[in-house]
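K.L.:
So that you have it, the file is data17.csv, and it contains CSV, C-alpha atoms:
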```csv
chain,number,residue,atom,x,y,z
A,1,MET,CA,15.8,-11.5,-64.7
A,2,ARG,CA,14.5,-14.8,-63.2
A,3,SER,CA,17.8,-16.4,-64.0
A,4,GLN,CA,19.7,-13.6,-62.3
A,5,ALA,CA,17.4,-13.7,-59.3
A,6,GLY,CA,17.9,-17.5,-59.1
A,7,ARG,CA,21.7,-17.1,-59.1
A,8,GLY,CA,21.4,-14.5,-56.4
A,9,GLN,CA,19.4,-16.9,-54.2
A,10,VAL,CA,21.9,-19.7,-54.8
A,11,GLN,CA,24.7,-17.3,-53.8
A,12,VAL,CA,22.9,-16.3,-50.6
A,13,ARG,CA,22.2,-20.0,-49.7
A,14,THR,CA,25.9,-20.9,-50.2
A,15,ILE,CA,27.0,-18.0,-48.0
A,16,LEU,CA,24.6,-19.0,-45.2
A,17,ILE,CA,25.7,-22.7,-45.4
A,18,GLY,CA,29.3,-21.8,-45.3
A,19,ALA,CA,28.7,-19.5,-42.3
A,20,ALA,CA,26.7,-22.2,-40.5
A,21,VAL,CA,29.4,-24.8,-41.1
A,22,LEU,CA,32.2,-22.5,-39.8
A,23,LEU,CA,30.2,-21.6,-36.7
A,24,SER,CA,29.2,-25.3,-36.1
A,25,LEU,CA,32.7,-26.7,-36.3
A,26,GLY,CA,34.6,-23.8,-34.8
A,27,MET,CA,32.3,-23.6,-31.7
A,28,GLY,CA,31.9,-27.4,-31.5
A,29,ILE,CA,35.7,-27.9,-31.2
A,30,ARG,CA,36.1,-24.9,-28.9
A,31,GLN,CA,33.4,-26.0,-26.5
A,32,SER,CA,34.7,-29.6,-26.3
A,33,LEU,CA,38.2,-28.7,-25.2
A,34,GLY,CA,37.3,-29.1,-21.5
A,35,LEU,CA,36.8,-32.9,-22.1
A,36,PHE,CA,40.6,-33.1,-22.5
A,37,LEU,CA,41.3,-31.6,-19.0
A,38,THR,CA,41.4,-34.9,-17.1
A,39,PRO,CA,43.3,-37.1,-19.7
A,40,MET,CA,45.8,-34.5,-20.6
A,41,THR,CA,46.7,-33.4,-17.0
A,42,ARG,CA,47.0,-37.1,-16.1
A,43,ASP,CA,49.1,-38.0,-19.1
A,44,LEU,CA,51.3,-34.9,-19.2
A,45,GLY,CA,51.7,-34.6,-15.5
A,46,ILE,CA,50.5,-31.0,-15.3
A,47,ALA,CA,48.1,-29.2,-12.9
A,48,ALA,CA,44.5,-28.2,-13.8
A,49,ALA,CA,45.6,-24.6,-13.6
A,50,ASP,CA,48.2,-25.3,-16.3
A,51,PHE,CA,45.6,-26.7,-18.7
A,52,THR,CA,43.1,-23.9,-17.9
A,53,LEU,CA,45.8,-21.3,-18.4
A,54,ALA,CA,46.1,-22.6,-22.0
A,55,ILE,CA,42.3,-22.2,-22.4
A,56,ALA,CA,42.6,-18.7,-20.9
A,57,MET,CA,45.4,-17.9,-23.3
A,58,GLN,CA,43.2,-19.1,-26.2
A,59,ASN,CA,40.3,-16.9,-25.0
A,60,ILE,CA,42.3,-13.8,-24.3
A,61,ILE,CA,44.1,-13.9,-27.7
A,62,TRP,CA,40.7,-14.6,-29.3
A,63,GLY,CA,39.4,-11.4,-27.7
A,64,LEU,CA,42.5,-9.2,-28.3
A,65,SER,CA,42.8,-10.3,-32.0
A,66,GLN,CA,39.1,-10.2,-32.8
A,67,ALA,CA,38.9,-6.4,-33.5
A,68,PRO,CA,42.1,-6.4,-35.7
A,69,VAL,CA,41.0,-9.5,-37.5
A,70,GLY,CA,37.6,-7.8,-38.1
A,71,ALA,CA,39.3,-4.7,-39.4
A,72,VAL,CA,41.3,-6.9,-41.8
A,73,ALA,CA,38.1,-8.6,-43.0
A,74,ASP,CA,36.4,-5.3,-43.5
A,75,ARG,CA,39.3,-3.9,-45.5
A,76,PHE,CA,40.5,-7.0,-47.5
A,77,GLY,CA,37.5,-9.2,-47.5
A,78,LEU,CA,35.8,-11.9,-45.5
A,79,ARG,CA,36.9,-14.8,-47.8
A,80,VAL,CA,40.7,-14.4,-47.4
A,81,THR,CA,40.3,-13.9,-43.6
A,82,LEU,CA,38.0,-16.9,-43.1
A,83,ILE,CA,40.2,-19.3,-45.2
A,84,ALA,CA,43.4,-18.1,-43.4
A,85,GLY,CA,41.6,-18.6,-40.0
A,86,ALA,CA,40.7,-22.2,-40.9
A,87,ALA,CA,44.3,-22.9,-41.9
A,88,ILE,CA,45.5,-21.4,-38.5
A,89,TYR,CA,43.0,-23.6,-36.7
A,90,VAL,CA,44.6,-26.7,-38.4
A,91,VAL,CA,48.1,-25.6,-37.2
A,92,GLY,CA,46.9,-25.0,-33.6
A,93,LEU,CA,45.3,-28.3,-33.4
A,94,ALA,CA,48.3,-30.1,-34.8
A,95,ILE,CA,50.5,-28.5,-32.1
A,96,MET,CA,47.9,-29.6,-29.5
A,97,ALA,CA,48.1,-33.2,-30.8
A,98,LEU,CA,51.9,-33.2,-30.5
A,99,ALA,CA,52.0,-31.4,-27.1
A,100,GLY,CA,54.3,-32.7,-24.4
A,101,GLY,CA,53.7,-30.1,-21.7
A,102,THR,CA,52.3,-26.7,-20.8
A,103,VAL,CA,54.4,-24.6,-23.2
A,104,ALA,CA,53.1,-26.5,-26.3
A,105,LEU,CA,49.5,-26.1,-24.9
A,106,LEU,CA,50.0,-22.4,-24.5
A,107,VAL,CA,51.3,-22.1,-28.1
A,108,SER,CA,48.4,-24.2,-29.4
A,109,GLY,CA,46.0,-22.0,-27.4
A,110,GLY,CA,47.4,-18.9,-29.1
A,111,PHE,CA,47.0,-20.3,-32.6
A,112,ILE,CA,43.4,-21.5,-31.8
A,113,GLY,CA,42.6,-18.1,-30.4
A,114,ILE,CA,43.6,-16.3,-33.6
A,115,ALA,CA,41.7,-18.9,-35.6
A,116,LEU,CA,38.5,-18.4,-33.7
A,117,SER,CA,38.8,-14.7,-34.4
A,118,CYS,CA,38.7,-15.5,-38.1
A,119,THR,CA,36.1,-18.3,-38.2
A,120,ALA,CA,33.8,-18.2,-35.2
A,121,SER,CA,30.7,-16.1,-34.4
A,122,SER,CA,31.8,-12.5,-35.2
A,123,LEU,CA,32.8,-13.1,-38.8
A,124,ALA,CA,30.2,-15.8,-39.5
A,125,MET,CA,27.5,-13.5,-38.2
A,126,THR,CA,28.9,-10.6,-40.3
A,127,ALA,CA,28.8,-12.8,-43.5
A,128,THR,CA,25.2,-13.7,-42.6
A,129,ALA,CA,24.1,-10.1,-42.0
A,130,ARG,CA,25.6,-8.9,-45.3
A,131,ALA,CA,24.0,-11.7,-47.3
A,132,VAL,CA,20.3,-10.8,-46.5
A,133,SER,CA,18.1,-7.7,-46.4
A,134,GLU,CA,17.5,-5.8,-43.1
A,135,GLU,CA,13.9,-7.2,-42.9
A,136,ARG,CA,15.2,-10.8,-42.9
A,137,ARG,CA,18.3,-10.2,-40.9
A,138,SER,CA,17.2,-11.0,-37.3
A,139,LYS,CA,15.5,-14.3,-38.3
A,140,THR,CA,18.3,-15.3,-40.6
A,141,LEU,CA,20.9,-14.7,-37.8
A,142,GLY,CA,18.8,-16.9,-35.6
A,143,VAL,CA,18.6,-19.7,-38.1
A,144,VAL,CA,22.4,-19.7,-38.9
A,145,SER,CA,23.1,-19.7,-35.1
A,146,ALA,CA,20.7,-22.6,-34.7
A,147,VAL,CA,22.3,-24.6,-37.5
A,148,GLY,CA,25.7,-23.6,-36.2
A,149,SER,CA,24.8,-25.2,-32.8
A,150,LEU,CA,24.7,-28.7,-34.3
A,151,GLY,CA,28.5,-28.8,-33.8
A,152,THR,CA,28.1,-28.2,-30.1
A,153,LEU,CA,25.6,-31.1,-30.1
A,154,LEU,CA,27.6,-33.7,-32.0
A,155,VAL,CA,31.2,-32.9,-31.4
A,156,PRO,CA,31.2,-33.4,-27.6
A,157,LEU,CA,29.6,-36.8,-28.0
A,158,ALA,CA,32.0,-38.0,-30.6
A,159,THR,CA,35.0,-36.6,-28.7
A,160,GLN,CA,34.1,-38.3,-25.4
A,161,GLU,CA,33.5,-41.6,-27.3
A,162,ILE,CA,37.0,-41.3,-28.7
A,163,LEU,CA,38.6,-40.3,-25.3
A,164,ALA,CA,36.8,-43.2,-23.5
A,165,HIS,CA,38.6,-45.8,-25.7
A,166,GLU,CA,41.6,-44.1,-27.2
A,167,ALA,CA,44.5,-41.8,-26.3
A,168,TRP,CA,43.7,-38.1,-26.1
A,169,GLN,CA,46.0,-37.5,-29.1
A,170,LEU,CA,43.5,-39.3,-31.4
A,171,GLY,CA,40.8,-36.9,-30.1
A,172,ALA,CA,43.0,-34.0,-31.1
A,173,LEU,CA,43.5,-35.5,-34.6
A,174,PHE,CA,39.7,-35.8,-34.9
A,175,PHE,CA,39.5,-32.1,-34.2
A,176,LEU,CA,42.2,-31.6,-36.9
A,177,ALA,CA,40.1,-33.4,-39.5
A,178,LEU,CA,37.1,-31.2,-38.6
A,179,ALA,CA,39.2,-28.1,-39.0
A,180,LEU,CA,40.1,-29.1,-42.6
A,181,VAL,CA,36.4,-29.1,-43.5
A,182,MET,CA,36.4,-25.4,-42.5
A,183,LEU,CA,38.6,-24.5,-45.4
A,184,PRO,CA,35.9,-24.8,-48.1
A,185,ALA,CA,33.3,-23.5,-45.7
A,186,GLY,CA,35.3,-20.3,-45.4
A,187,TYR,CA,35.4,-20.0,-49.2
A,188,TRP,CA,31.6,-20.3,-49.4
A,189,ALA,CA,30.9,-17.9,-46.6
A,190,GLY,CA,33.4,-15.4,-48.1
A,191,GLY,CA,31.0,-14.9,-51.0
A,192,ALA,CA,29.4,-12.2,-48.8
A,193,ASP,CA,32.2,-9.9,-50.1
A,194,PHE,CA,30.4,-9.9,-53.5
A,195,MET,CA,26.9,-9.2,-52.4
A,196,PRO,CA,25.7,-5.9,-54.0
A,197,GLY,CA,24.8,-2.9,-51.9
A,198,ARG,CA,25.2,-4.5,-48.5
A,199,GLY,CA,26.3,-2.1,-45.8
A,200,ALA,CA,28.0,0.4,-48.1
A,201,GLY,CA,28.5,3.8,-46.7
A,202,ARG,CA,30.6,7.0,-46.8
A,203,THR,CA,31.7,6.9,-43.1
A,204,SER,CA,35.4,6.0,-42.7
A,205,MET,CA,36.5,3.3,-40.2
A,206,ARG,CA,38.2,5.9,-38.0
A,207,GLU,CA,35.0,8.0,-37.8
A,208,MET,CA,32.9,4.9,-37.1
A,209,LEU,CA,35.2,3.8,-34.3
A,210,GLY,CA,35.1,7.3,-32.8
A,211,GLN,CA,31.3,7.2,-32.9
A,212,ALA,CA,31.1,3.7,-31.3
A,213,MET,CA,33.4,4.8,-28.4
A,214,ARG,CA,30.9,7.6,-27.6
A,215,HIS,CA,27.8,5.5,-28.1
A,216,ARG,CA,26.4,4.5,-24.7
A,217,PRO,CA,24.2,1.5,-25.8
A,218,PHE,CA,27.2,0.0,-27.6
A,219,LEU,CA,29.5,0.5,-24.6
A,220,VAL,CA,26.9,-1.0,-22.2
A,221,MET,CA,26.3,-4.0,-24.4
A,222,SER,CA,30.1,-4.6,-24.7
A,223,GLY,CA,30.5,-4.4,-20.9
A,224,ALA,CA,27.6,-6.8,-20.2
A,225,TYR,CA,29.0,-9.2,-22.8
A,226,PHE,CA,31.7,-9.9,-20.3
A,227,VAL,CA,29.4,-12.2,-18.3
A,228,CYS,CA,28.6,-14.3,-21.3
A,229,GLY,CA,32.2,-15.4,-21.7
A,230,LEU,CA,32.8,-15.8,-18.0
A,231,ASN,CA,29.9,-18.1,-17.3
A,232,LEU,CA,30.0,-20.2,-20.5
A,233,VAL,CA,33.7,-20.9,-20.6
A,234,PHE,CA,33.8,-21.7,-16.9
A,235,LEU,CA,31.1,-24.2,-17.6
A,236,THR,CA,32.6,-25.8,-20.7
A,237,THR,CA,36.1,-26.0,-19.1
A,238,HIS,CA,35.2,-27.2,-15.6
A,239,LEU,CA,32.0,-29.1,-15.8
A,240,PRO,CA,33.7,-32.4,-16.7
A,241,THR,CA,36.0,-32.1,-13.6
A,242,TYR,CA,33.1,-31.0,-11.4
A,243,LEU,CA,31.0,-34.0,-12.3
A,244,ALA,CA,34.0,-36.4,-11.9
A,245,ILE,CA,34.6,-35.0,-8.4
A,246,CYS,CA,30.9,-35.6,-7.6
A,247,GLY,CA,31.2,-39.3,-8.7
A,248,GLN,CA,29.3,-39.0,-12.0
A,249,ASP,CA,30.0,-41.0,-15.1
A,250,PRO,CA,32.6,-39.2,-17.4
A,251,MET,CA,30.2,-39.6,-20.3
A,252,LEU,CA,27.6,-37.4,-18.5
A,253,SER,CA,29.7,-34.2,-19.1
A,254,ALA,CA,29.8,-35.0,-22.8
A,255,GLU,CA,26.0,-35.7,-22.8
A,256,ALA,CA,25.4,-32.4,-21.0
A,257,LEU,CA,27.5,-30.5,-23.6
A,258,ALA,CA,25.6,-32.2,-26.3
A,259,VAL,CA,22.2,-31.3,-24.8
A,260,ILE,CA,23.4,-27.7,-24.6
A,261,GLY,CA,24.3,-27.9,-28.3
A,262,GLY,CA,20.9,-29.4,-29.1
A,263,MET,CA,18.9,-26.8,-27.2
A,264,ASN,CA,21.1,-24.1,-28.7
A,265,CYS,CA,19.2,-24.7,-31.9
A,266,VAL,CA,15.9,-23.9,-30.2
A,267,GLY,CA,17.3,-20.9,-28.3
A,268,SER,CA,18.9,-19.4,-31.3
A,269,LEU,CA,15.8,-19.7,-33.4
A,270,ALA,CA,13.7,-18.2,-30.6
A,271,ALA,CA,16.2,-15.3,-30.1
A,272,GLY,CA,16.1,-14.5,-33.8
A,273,TRP,CA,12.3,-14.5,-33.9
A,274,LEU,CA,12.0,-12.5,-30.7
A,275,GLY,CA,14.7,-10.1,-31.7
A,276,ALA,CA,12.6,-9.1,-34.8
A,277,ARG,CA,9.7,-8.2,-32.5
A,278,TYR,CA,11.0,-6.9,-29.2
A,279,PRO,CA,13.9,-4.6,-28.0
A,280,LYS,CA,17.1,-6.7,-28.3
A,281,HIS,CA,18.8,-5.0,-25.3
A,282,ILE,CA,16.0,-6.1,-23.0
A,283,LEU,CA,16.1,-9.6,-24.4
A,284,LEU,CA,19.9,-9.7,-23.7
A,285,GLY,CA,19.5,-8.5,-20.2
A,286,LEU,CA,16.9,-11.2,-19.5
A,287,LEU,CA,19.2,-13.9,-20.9
A,288,TYR,CA,21.9,-12.9,-18.5
A,289,ILE,CA,19.6,-12.8,-15.5
A,290,LEU,CA,18.0,-16.2,-16.4
A,291,ARG,CA,21.5,-17.7,-16.7
A,292,ALA,CA,22.4,-16.6,-13.2
A,293,GLY,CA,19.2,-18.2,-11.9
A,294,VAL,CA,19.9,-21.5,-13.7
A,295,PHE,CA,23.4,-21.6,-12.3
A,296,THR,CA,22.1,-21.0,-8.8
A,297,ALA,CA,19.5,-23.7,-9.0
A,298,TYR,CA,22.0,-26.3,-10.3
A,299,PHE,CA,25.1,-25.7,-8.1
A,300,MET,CA,23.2,-25.4,-4.8
A,301,MET,CA,22.5,-29.1,-4.7
A,302,PRO,CA,24.6,-32.2,-5.5
A,303,PRO,CA,24.4,-33.1,-9.2
A,304,THR,CA,22.6,-36.1,-10.5
A,305,PRO,CA,22.3,-37.3,-14.1
A,306,ALA,CA,18.7,-35.9,-14.3
A,307,SER,CA,19.5,-32.5,-12.8
A,308,THR,CA,22.6,-32.2,-15.0
A,309,LEU,CA,20.7,-32.8,-18.2
A,310,VAL,CA,17.9,-30.5,-17.1
A,311,PHE,CA,20.5,-27.8,-16.3
A,312,ALA,CA,22.2,-28.4,-19.7
A,313,ALA,CA,18.8,-28.0,-21.5
A,314,ALA,CA,18.1,-24.7,-19.8
A,315,MET,CA,21.6,-23.4,-20.4
A,316,GLY,CA,21.4,-24.5,-24.0
A,317,MET,CA,18.3,-22.3,-24.5
A,318,LEU,CA,20.3,-19.4,-23.2
A,319,TRP,CA,23.7,-20.1,-24.8
A,320,LEU,CA,24.3,-19.1,-28.4
A,321,SER,CA,21.0,-17.2,-28.4
A,322,VAL,CA,23.2,-14.2,-27.4
A,323,ALA,CA,24.9,-14.2,-30.9
A,324,PRO,CA,21.9,-13.2,-33.1
A,325,LEU,CA,20.9,-10.5,-30.5
A,326,VAL,CA,24.4,-8.9,-30.2
A,327,SER,CA,25.0,-9.1,-34.0
A,328,GLY,CA,21.5,-7.7,-34.7
A,329,LEU,CA,22.1,-4.9,-32.2
A,330,VAL,CA,25.4,-3.9,-33.8
A,331,ALA,CA,23.8,-4.0,-37.3
A,332,GLU,CA,21.0,-1.8,-36.0
A,333,MET,CA,23.3,0.7,-34.4
A,334,PHE,CA,25.9,1.0,-37.1
A,335,GLY,CA,25.0,-0.9,-40.3
A,336,THR,CA,27.1,-3.8,-41.7
A,337,ARG,CA,29.9,-2.0,-43.4
A,338,TYR,CA,32.3,-2.2,-40.4
A,339,MET,CA,30.3,-4.8,-38.5
A,340,ALA,CA,33.2,-7.3,-38.2
A,341,THR,CA,35.4,-4.6,-36.6
A,342,LEU,CA,32.7,-3.4,-34.2
A,343,LEU,CA,31.7,-7.0,-33.2
A,344,GLY,CA,35.4,-7.6,-32.5
A,345,ILE,CA,35.6,-4.6,-30.2
A,346,ALA,CA,32.6,-5.8,-28.2
A,347,PHE,CA,34.0,-9.3,-28.2
A,348,VAL,CA,37.1,-8.2,-26.3
A,349,MET,CA,35.0,-7.9,-23.1
A,350,HIS,CA,33.5,-11.3,-23.8
A,351,GLN,CA,36.9,-12.9,-23.9
A,352,VAL,CA,38.2,-11.1,-20.8
A,353,GLY,CA,35.3,-12.9,-19.1
A,354,SER,CA,36.1,-16.1,-20.9
A,355,SER,CA,39.7,-16.0,-19.7
A,356,LEU,CA,38.7,-15.3,-16.1
A,357,GLY,CA,36.1,-18.1,-16.3
A,358,ALA,CA,38.6,-20.7,-17.4
A,359,PHE,CA,41.8,-19.7,-15.5
A,360,GLY,CA,40.0,-18.3,-12.5
A,361,GLY,CA,37.9,-21.4,-12.1
A,362,GLY,CA,41.0,-23.6,-12.2
A,363,LEU,CA,42.9,-21.3,-9.8
A,364,ILE,CA,40.0,-21.3,-7.3
A,365,PHE,CA,39.7,-25.1,-7.5
A,366,ASP,CA,43.5,-25.6,-7.0
A,367,MET,CA,43.4,-23.3,-3.9
A,368,THR,CA,40.2,-24.5,-2.3
A,369,GLY,CA,39.5,-27.9,-3.7
A,370,SER,CA,35.9,-26.7,-4.6
A,371,TYR,CA,34.1,-24.8,-7.3
A,372,ASP,CA,31.7,-23.1,-4.9
A,373,ARG,CA,33.4,-19.6,-4.9
A,374,ALA,CA,33.7,-19.8,-8.7
A,375,TRP,CA,30.0,-20.3,-9.5
A,376,GLN,CA,28.9,-17.9,-6.8
A,377,THR,CA,31.0,-15.2,-8.4
A,378,GLY,CA,29.5,-16.0,-11.8
A,379,VAL,CA,26.0,-15.7,-10.5
A,380,LEU,CA,26.6,-12.3,-8.9
A,381,VAL,CA,28.3,-10.9,-12.0
A,382,GLY,CA,25.6,-12.4,-14.3
A,383,PHE,CA,22.7,-10.9,-12.4
A,384,ALA,CA,24.4,-7.5,-12.3
A,385,ALA,CA,25.2,-7.5,-16.0
A,386,GLY,CA,21.6,-8.4,-16.9
A,387,VAL,CA,20.2,-5.5,-14.8
A,388,VAL,CA,22.6,-3.0,-16.3
A,389,GLN,CA,21.9,-4.2,-19.8
A,390,ILE,CA,18.2,-3.7,-19.4
A,391,LEU,CA,18.3,-0.3,-17.6
A,392,ALA,CA,21.2,1.3,-19.5
A,393,GLY,CA,21.6,-0.6,-22.8
A,394,GLY,CA,18.7,0.9,-24.7
A,395,PRO,CA,18.7,4.1,-26.8
A,396,GLY,CA,18.7,7.3,-24.7
A,397,ARG,CA,16.0,9.9,-24.9
A,398,HIS,CA,17.8,12.4,-27.0
A,399,ARG,CA,21.4,11.9,-28.1
A,400,ASP,CA,21.5,8.2,-28.8
A,401,ARG,CA,18.1,8.1,-30.5
A,402,ALA,CA,19.2,10.8,-32.8
A,403,LEU,CA,22.5,9.1,-33.5
A,404,GLU,CA,21.4,5.6,-34.2
A,405,PRO,CA,19.4,6.2,-37.5
A,406,ARG,CA,22.4,8.2,-38.9
A,407,LEU,CA,24.8,5.4,-38.0
A,408,ALA,CA,22.6,2.6,-39.3
A,409,ALA,CA,22.3,4.4,-42.6
A,410,THR,CA,26.1,4.3,-43.2
```
Produce structure tokens that represent the structure in this file.
P.N.:
Amino acid sequence: MRSQAGRGQVQVRTILIGAAVLLSLGMGIRQSLGLFLTPMTRDLGIAAADFTLAIAMQNIIWGLSQAPVGAVADRFGLRVTLIAGAAIYVVGLAIMALAGGTVALLVSGGFIGIALSCTASSLAMTATARAVSEERRSKTLGVVSAVGSLGTLLVPLATQEILAHEAWQLGALFFLALALVMLPAGYWAGGADFMPGRGAGRTSMREMLGQAMRHRPFLVMSGAYFVCGLNLVFLTTHLPTYLAICGQDPMLSAEALAVIGGMNCVGSLAAGWLGARYPKHILLGLLYILRAGVFTAYFMMPPTPASTLVFAAAMGMLWLSVAPLVSGLVAEMFGTRYMATLLGIAFVMHQVGSSLGAFGGGLIFDMTGSYDRAWQTGVLVGFAAGVVQILAGGPGRHRDRALEPRLAAT
């Protein structure tokens, strides 16, 4: 019995390590793409809006493909889906390294978007949730998110160091090498397919989807998730250009992204710990409102190295801390059997916001020569989403409270 228990613990650790590596490298690469805006637009002779259109393409395809990819993972297994996603990531980054114009960047963005559906937060969080018991779920989601944040700390610094001394194509090849590491990580995380008794149930996928589309807290959470993508992708895509316009050292943007990544670790751990003790929908709403406040404080004054790093630290605390809360909410509402599919549905709204944050920010900048209108819009939407999440994102007095225990048992 002890030997069997020991093997089970090793299996759980392997799954969690694989999920953390996937999350770390997938998100680290994705959040560093904005560093390529200046060198690629200059070298390829394209506008900022062309580059950000490719980022928007990536994010919209990520959002649109997340639910179908989640359904594939729920039906055929996480392992095959995660490994396929890592391979697609390699292909997308290879196209980016060979890009000669906007069309190639759009194609690369499409491949990377599909790859992120297979490897990033939704499926990594699903593997994590299936690997552990309900009692340990919130804290474990926080720990995996925290470890997964290391990529957002280290990848931007390494990437900017390469771009400062070498051609941008070498930076793309660096990303390609990181994506190759995701192949074995996907195999490890896919071991969640073989965990006994995690999230099994009699409800069909069709029935579960029908229940989700009538479940008010799920719909509110999905709608409020829009703001997460809008503000975060606007920031990762446009912060380097904004700082350059303001006369700051190009390395400062990489340092800011790295600080965000470092503080992600603290924020994710805190979110996992708090989510086990307090209502997750209220914590989510407070995160969105706090983000709006931090954006306002930073963009109302000219940036300095000190204010930028303080801003990055505050945003880092509020960044991937959303992931364990959203994942935990979905698991509480519906269980883990179809968790990948349901997270994918919620993620569609996140990626609509991401696409608007990337492309809309570039369009506003090209039209006005300033990012003022972009960040002001982000603040208003963020505050509104936080208020709605708090007031309407919890269980209702009658119908939703009666429904949730029945759904979570499936």
K.L.:
Please measure the separation of atom CA of A:Gly394 and atom CA of A:Leu343, giving the value in Å to one decimal.
P.N.:
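Between atom CA of A:Gly394 and atom CA of A:Leu343 the gap works out to 17.4 Å.
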K.L.:
Could you tell me how far atom CA of A:Ala124 sits from atom CA of A:Leu283, in Å to one decimal place?
P.N.:
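Here the two named atoms are 21.6 Å from each other.
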K.L.:
Pick the closest to A:Val259 from A:Met300, A:Leu116, A:Leu230, A:Leu153: which is it, counting all atoms listed in the file?
P.N.:
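Closest to A:Val259, using all atoms listed in the file: A:Leu153.
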K.L.:
How many Å lie between atom CA of A:Leu325 and atom CA of A:Thr119, rounded to one decimal?
P.N.:
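Result for atom CA of A:Leu325 versus atom CA of A:Thr119: 18.7 Å, one decimal.
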K.L.:
Give one line per residue of stretch 80-158 of chain A that approaches stretch 39-60 of chain A to at most 9 Å, naming the two atoms of the closest pair and their distance in Å to one decimal, counting all atoms listed in the file; sort by chain then ascending residue number and deliver it as JSON lines.
P.N.:
```
{"residue": "A:Ala99", "atom": "CA", "partner": "A:Leu44", "partner_atom": "CA", "distance": 8.7}
{"residue": "A:Gly100", "atom": "CA", "partner": "A:Leu44", "partner_atom": "CA", "distance": 6.4}
{"residue": "A:Gly101", "atom": "CA", "partner": "A:Leu44", "partner_atom": "CA", "distance": 5.9}
{"residue": "A:Thr102", "atom": "CA", "partner": "A:Asp50", "partner_atom": "CA", "distance": 6.2}
{"residue": "A:Val103", "atom": "CA", "partner": "A:Ala54", "partner_atom": "CA", "distance": 8.6}
{"residue": "A:Leu105", "atom": "CA", "partner": "A:Ala54", "partner_atom": "CA", "distance": 5.7}
{"residue": "A:Leu106", "atom": "CA", "partner": "A:Ala54", "partner_atom": "CA", "distance": 4.6}
{"residue": "A:Val107", "atom": "CA", "partner": "A:Ala54", "partner_atom": "CA", "distance": 8.0}
{"residue": "A:Ser108", "atom": "CA", "partner": "A:Ala54", "partner_atom": "CA", "distance": 7.9}
{"residue": "A:Gly109", "atom": "CA", "partner": "A:Gln58", "partner_atom": "CA", "distance": 4.2}
{"residue": "A:Gly110", "atom": "CA", "partner": "A:Gln58", "partner_atom": "CA", "distance": 5.1}
{"residue": "A:Phe111", "atom": "CA", "partner": "A:Gln58", "partner_atom": "CA", "distance": 7.5}
{"residue": "A:Ile112", "atom": "CA", "partner": "A:Gln58", "partner_atom": "CA", "distance": 6.1}
{"residue": "A:Gly113", "atom": "CA", "partner": "A:Gln58", "partner_atom": "CA", "distance": 4.4}
{"residue": "A:Ile114", "atom": "CA", "partner": "A:Gln58", "partner_atom": "CA", "distance": 7.9}
{"residue": "A:Leu116", "atom": "CA", "partner": "A:Gln58", "partner_atom": "CA", "distance": 8.9}
```
K.L.:
Taking (19.9, -12.5, -30.8) in the file's coordinates, which residues come within 10 Å, counting only C-alpha atoms, written as a ChimeraX atom specification?
P.N.:
/A:138-139,141-142,145,267-276,280-281,283-284,320-329
K.L.:
Closest to A:Val143 among A:Ala71, A:Val352, A:Leu16, A:Met317, using all atoms listed in the file?
P.N.:
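That would be A:Leu16, the residue with the smallest distance to A:Val143.
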K.L.:
From the list A:Gly210, A:Gly191, A:Gly92, A:Gly285, which residue is nearest A:Gly393 when using only C-alpha atoms?
P.N.:
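Selected residue with least distance to A:Gly393: A:Gly285.
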K.L.:
Would you tabulate, counting all atoms listed in the file, all residues of stretch 177-284 of chain A that have an atom at most 10 Å from an atom of stretch 354-362 of chain A, showing the closest pair of atoms and their distance in Å to one decimal, sorted by chain then ascending number, as JSON lines?
P.N.:
```
{"residue": "A:Phe226", "atom": "CA", "partner": "A:Ser354", "partner_atom": "CA", "distance": 7.6}
{"residue": "A:Val227", "atom": "CA", "partner": "A:Ser354", "partner_atom": "CA", "distance": 8.2}
{"residue": "A:Cys228", "atom": "CA", "partner": "A:Ser354", "partner_atom": "CA", "distance": 7.7}
{"residue": "A:Gly229", "atom": "CA", "partner": "A:Ser354", "partner_atom": "CA", "distance": 4.0}
{"residue": "A:Leu230", "atom": "CA", "partner": "A:Gly357", "partner_atom": "CA", "distance": 4.4}
{"residue": "A:Asn231", "atom": "CA", "partner": "A:Gly357", "partner_atom": "CA", "distance": 6.3}
{"residue": "A:Leu232", "atom": "CA", "partner": "A:Ser354", "partner_atom": "CA", "distance": 7.4}
{"residue": "A:Val233", "atom": "CA", "partner": "A:Ser354", "partner_atom": "CA", "distance": 5.4}
{"residue": "A:Phe234", "atom": "CA", "partner": "A:Gly357", "partner_atom": "CA", "distance": 4.3}
{"residue": "A:Leu235", "atom": "CA", "partner": "A:Gly357", "partner_atom": "CA", "distance": 8.0}
{"residue": "A:Thr236", "atom": "CA", "partner": "A:Ala358", "partner_atom": "CA", "distance": 8.5}
{"residue": "A:Thr237", "atom": "CA", "partner": "A:Ala358", "partner_atom": "CA", "distance": 6.1}
{"residue": "A:His238", "atom": "CA", "partner": "A:Gly361", "partner_atom": "CA", "distance": 7.3}
{"residue": "A:Thr241", "atom": "CA", "partner": "A:Gly362", "partner_atom": "CA", "distance": 10.0}
```
K.L.:
Would you output that residue set with C-alpha atoms, as a tab-separated table (two decimals), in the frame of the given file?
P.N.:
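Output file result_35.tsv follows:
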```tsv
chain	number	residue	atom	x	y	z
A	226	PHE	CA	31.70	-9.90	-20.30
A	227	VAL	CA	29.40	-12.20	-18.30
A	228	CYS	CA	28.60	-14.30	-21.30
A	229	GLY	CA	32.20	-15.40	-21.70
A	230	LEU	CA	32.80	-15.80	-18.00
A	231	ASN	CA	29.90	-18.10	-17.30
A	232	LEU	CA	30.00	-20.20	-20.50
A	233	VAL	CA	33.70	-20.90	-20.60
A	234	PHE	CA	33.80	-21.70	-16.90
A	235	LEU	CA	31.10	-24.20	-17.60
A	236	THR	CA	32.60	-25.80	-20.70
A	237	THR	CA	36.10	-26.00	-19.10
A	238	HIS	CA	35.20	-27.20	-15.60
A	241	THR	CA	36.00	-32.10	-13.60
```
